[in-house]
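Take a look at the structure below.
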Amino acid sequence: MSDDLTRILIISDGKAGHLNQSLGLAEALAKQRPGVEIEQMLPFSRLQVLFGLLFGRCQFLENKPDLVIGAGHGTHLTLLTLKRCWHLPVMLLMKPSIPMQFFDLCLIPEHDQPPKRANVIVTRGALNRVRPATKQAGTGIILIGGPSKNSDWDKARLIRQLEALVRSDPRSWLMTTSRRTPASTVEALGHINGIELFPVEETDAGWLPEMLASAEHCWVTEDSVSMIYEALSAGCSVGVFEVPWRSEGRLPKGVNKLKKQGFLTPFERWPGKPLPPLDHRFNEAERCAKKIIERGLL
């Protein structure tokens, strides 16, 4: 990495998940260069993109960054406009919807089956900002997702698993939901003894990373793939409640691979004892930042 790196610009489409990925990589890179500034910007308008691509000038921006990062389809053209105008590296955190060779680097989750290319780094899940802190003995957190285009939902089965978990491992359990969690499930969750429920609507953006950082154990419904990777990044021992997948697509295949690698304990094979600790750190943002430096891409 160049010692001249002083400013990283993130193109944010306003979606929290995409921004979380971009900040995860930017902060991991900035950790290698103390004093680096990280800034955010919305994507250009269509007129600005057209002007920049045609004339190679970005007169509507004052300060040139050293690196631009983006995630989400809505950031693609802005990244390419900045590359055209300022001749700087642009990095995309997803499988692009336009030809991959336009970007200096694409960081693509392995469940998206990225091709083998010089400008591709394969990641285990989406990057995130979660980092471990001192673990508090006897703590645990439960993360509940909901039905999606990839999975159905079985409320009764989930409640049975949760009740069995609390009976077998009666630690200090916190639980939160997602915006996909059905209202009827949220209501039922509130009646389970031994778990303190914090619905997602009652938490702020920093609540979950903070709780994960200090929790020893984490159980997640396996439809919530991003939360699985956040829990692993936080250094938690992770178990998963299985859900009825609609097909054997890329997401269940990715979760099953983590099970086979020993990162996840399925509830159906859980012996009723405290989960085993992670064998090693799971920090994809840091690993990718080091690969970028090793490749001399900056």
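Residue numbers start at 1 in each chain; chains themselves are named A, B, ... in the order of the structure tokens; ligands are numbered from 1 in the order shown.
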
Closest pair table for region 58-174 of chain A residues within 9 Å of region 14-22 of chain A, only C-alpha atoms, as a Markdown table:
| residue | atom | partner | partner_atom | distance |
| --- | --- | --- | --- | --- |
| A:Ile69 | CA | A:Ser22 | CA | 6.3 |
| A:Gly70 | CA | A:Ser22 | CA | 6.1 |
| A:Ala71 | CA | A:His18 | CA | 5.2 |
| A:Gly72 | CA | A:His18 | CA | 6.2 |
| A:Leu92 | CA | A:Ser22 | CA | 8.6 |
| A:Leu93 | CA | A:Ser22 | CA | 7.1 |
| A:Ala126 | CA | A:Gln21 | CA | 6.5 |
| A:Leu127 | CA | A:Gln21 | CA | 4.8 |
| A:Asn128 | CA | A:Gln21 | CA | 4.8 |
| A:Arg129 | CA | A:Asn20 | CA | 6.3 |

Exercise. Near Met100 (chain A), counting only C-alpha atoms, which residues have an atom at most 12 Å away, once you skip same-chain residues fewer than 4 positions from it, shown as an MDAnalysis selection string?
Worked result: chainID A and resid 76 80 90:96 104:108 114:120

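Running DSSP on the backbone gives strand (DSSP E) for these residues within region 172-228 of chain A: Ser172, Trp173, Leu174, Met175, Thr176, Ile195, Glu196, Leu197, Phe198, His217, Cys218, Trp219, Val220 and Thr221 of chain A.
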
I need the residues from that last selection saved to file as a JSON list (two decimals), in the first residue's frame (with C-alpha atoms), if you can.
[["chain", "number", "residue", "atom", "x", "y", "z"],
["A", 172, "SER", "CA", -27.88, -14.80, 30.40],
["A", 173, "TRP", "CA", -29.61, -14.73, 27.01],
["A", 174, "LEU", "CA", -30.45, -11.61, 25.04],
["A", 175, "MET", "CA", -32.43, -11.84, 21.83],
["A", 176, "THR", "CA", -33.19, -9.50, 18.95],
["A", 195, "ILE", "CA", -34.62, -14.71, 27.38],
["A", 196, "GLU", "CA", -34.66, -10.91, 27.39],
["A", 197, "LEU", "CA", -36.14, -9.71, 24.10],
["A", 198, "PHE", "CA", -35.03, -6.54, 22.31],
["A", 217, "HIS", "CA", -22.25, -17.62, 22.49],
["A", 218, "CYS", "CA", -24.58, -16.73, 19.63],
["A", 219, "TRP", "CA", -27.47, -18.66, 18.12],
["A", 220, "VAL", "CA", -28.84, -17.50, 14.76],
["A", 221, "THR", "CA", -31.66, -18.63, 12.47]]

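Proximity to Pro244 (chain A) was assessed for A:Arg167, A:Arg7, A:Lys155, A:His280 counting only C-alpha atoms; the smallest distance is recorded for A:Lys155.
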
Sort by chain and increasing residue number a table of all residues of region 89-158 of chain A within 8 Å of region 224-232 of chain A, each with its closest pair of atoms and their distance in Å to one decimal, counting only C-alpha atoms, and write it as a Markdown table.
| residue | atom | partner | partner_atom | distance |
| --- | --- | --- | --- | --- |
| A:Gly125 | CA | A:Tyr229 | CA | 6.4 |
| A:Ala126 | CA | A:Ser226 | CA | 6.7 |
| A:Asn128 | CA | A:Glu230 | CA | 6.6 |
| A:Val130 | CA | A:Glu230 | CA | 6.0 |
| A:Leu143 | CA | A:Met227 | CA | 7.4 |
| A:Ile144 | CA | A:Ser224 | CA | 7.5 |
| A:Gly145 | CA | A:Ser224 | CA | 5.4 |
| A:Gly146 | CA | A:Ser224 | CA | 7.9 |

Could you take the residues named above and write them with N, CA and C atoms, as a compact mmCIF listing (two decimals), in the first residue's frame?
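Once everything was written out, this is selection26.txt:
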# COMPACT_ATOMS: atom_id res chain seq x y z
N GLY A 125 -18.53 -14.74 2.91
CA GLY A 125 -19.63 -13.87 3.28
C GLY A 125 -19.32 -12.42 2.99
N ALA A 126 -20.29 -11.56 3.29
CA ALA A 126 -20.10 -10.13 3.11
C ALA A 126 -19.23 -9.58 4.25
N ASN A 128 -17.92 -6.92 7.11
CA ASN A 128 -18.66 -6.15 8.10
C ASN A 128 -17.67 -5.44 9.03
N VAL A 130 -17.86 -5.61 12.46
CA VAL A 130 -17.88 -6.20 13.80
C VAL A 130 -16.51 -6.73 14.18
N LEU A 143 -30.24 -14.36 17.57
CA LEU A 143 -30.61 -13.48 16.47
C LEU A 143 -31.66 -14.18 15.60
N ILE A 144 -32.82 -13.55 15.47
CA ILE A 144 -33.94 -14.15 14.77
C ILE A 144 -34.20 -13.43 13.45
N GLY A 145 -34.25 -14.18 12.38
CA GLY A 145 -34.53 -13.61 11.06
C GLY A 145 -36.01 -13.73 10.73
N GLY A 146 -36.30 -14.23 9.53
CA GLY A 146 -37.69 -14.35 9.11
C GLY A 146 -37.77 -14.89 7.70

For this session: Compile the contact shell of Pro199 (chain A) as an NGL selection string: residues with an atom at most 12 Å away, counting only C-alpha atoms, same-chain residues fewer than 2 positions apart removed.
Result: :A and (142-145 or 174-183 or 185-187 or 189-190 or 196-197 or 201-204 or 207-208)

Problem set entry | DSSP-assigned alpha helix (DSSP H) among region 141-201 of chain A, expressed as a list in words | Lys155, Ala156, Arg157, Leu158, Ile159, Arg160, Gln161, Leu162, Glu163, Ala164, Leu165, Val166, Arg167, Ser168, Ala183, Ser184, Thr185, Val186, Glu187, Ala188 and Leu189 of chain A

Which residues are close to region 258-268 of chain A, i.e. within 7 Å by only C-alpha atoms, leaving aside same-chain residues fewer than 4 positions away? Reply as a PDB file with N, CA and C atoms, in the first residue's frame.
ATOM      1  N   VAL A 238     -20.809 -20.087  17.577  1.00  0.00           N
ATOM      2  CA  VAL A 238     -22.068 -19.868  16.855  1.00  0.00           C
ATOM      3  C   VAL A 238     -22.806 -21.176  16.588  1.00  0.00           C
ATOM      4  N   GLY A 239     -24.089 -21.180  16.960  1.00  0.00           N
ATOM      5  CA  GLY A 239     -24.989 -22.266  16.622  1.00  0.00           C
ATOM      6  C   GLY A 239     -26.091 -21.723  15.730  1.00  0.00           C
ATOM      7  N   VAL A 240     -26.708 -22.610  14.937  1.00  0.00           N
ATOM      8  CA  VAL A 240     -27.757 -22.149  14.027  1.00  0.00           C
ATOM      9  C   VAL A 240     -29.020 -22.989  14.179  1.00  0.00           C
ATOM     10  N   PHE A 241     -30.159 -22.284  14.161  1.00  0.00           N
ATOM     11  CA  PHE A 241     -31.462 -22.930  14.069  1.00  0.00           C
ATOM     12  C   PHE A 241     -31.778 -23.098  12.591  1.00  0.00           C
ATOM     13  N   GLU A 242     -32.005 -24.330  12.171  1.00  0.00           N
ATOM     14  CA  GLU A 242     -32.271 -24.568  10.757  1.00  0.00           C
ATOM     15  C   GLU A 242     -33.666 -24.078  10.373  1.00  0.00           C
ATOM     16  N   GLY A 254     -23.782 -22.158   1.163  1.00  0.00           N
ATOM     17  CA  GLY A 254     -22.749 -21.452   1.920  1.00  0.00           C
ATOM     18  C   GLY A 254     -22.823 -21.751   3.401  1.00  0.00           C
ATOM     19  N   LEU A 278     -14.446 -20.804  18.966  1.00  0.00           N
ATOM     20  CA  LEU A 278     -13.837 -20.758  17.635  1.00  0.00           C
ATOM     21  C   LEU A 278     -12.361 -21.117  17.728  1.00  0.00           C
TER      22      LEU A 278
END

Exercise. Can you list, as a ChimeraX atom specification, every protein, DNA or RNA residue that comes within 8 Å of Pro89 (chain A) when you count only C-alpha atoms, leaving out same-chain residues fewer than 6 positions away?
Worked result: /A:66-68,83,103-104,297-298

Seminar exercise, completed: re CA of Ile141 (chain A) and CA of Leu23 (chain A): distance 23.9 Å

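Excluding Glu37 (chain A) and any residue on its chain fewer than 3 positions from it, the residues at most 8 Å away by only C-alpha atoms are A:Thr6, A:Arg7, A:Ile8, A:Ala30.
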
With a distance cut-off of 8 Å and only C-alpha atoms, select the neighbouring residues of Arg84 (chain A), excluding the residue or stretch itself and same-chain residues fewer than 3 positions from it, and output the selection as a compact mmCIF listing (two decimals) with C-alpha atoms, in the first residue's frame.
# COMPACT_ATOMS: atom_id res chain seq x y z
CA GLY A 52 -17.98 12.70 -16.18
CA LEU A 53 -17.79 9.73 -18.53
CA GLY A 56 -13.43 12.99 -18.03
CA LEU A 80 -16.48 4.17 -12.98
CA THR A 81 -17.00 7.92 -13.40
CA HIS A 87 -7.49 7.80 -12.67

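Of the listed residues A:Ala133, A:Leu29, A:Ile292, A:Ile192, the one whose atoms come nearest to Ala213 (chain A) is A:Ala133, with distances taken using only C-alpha atoms.
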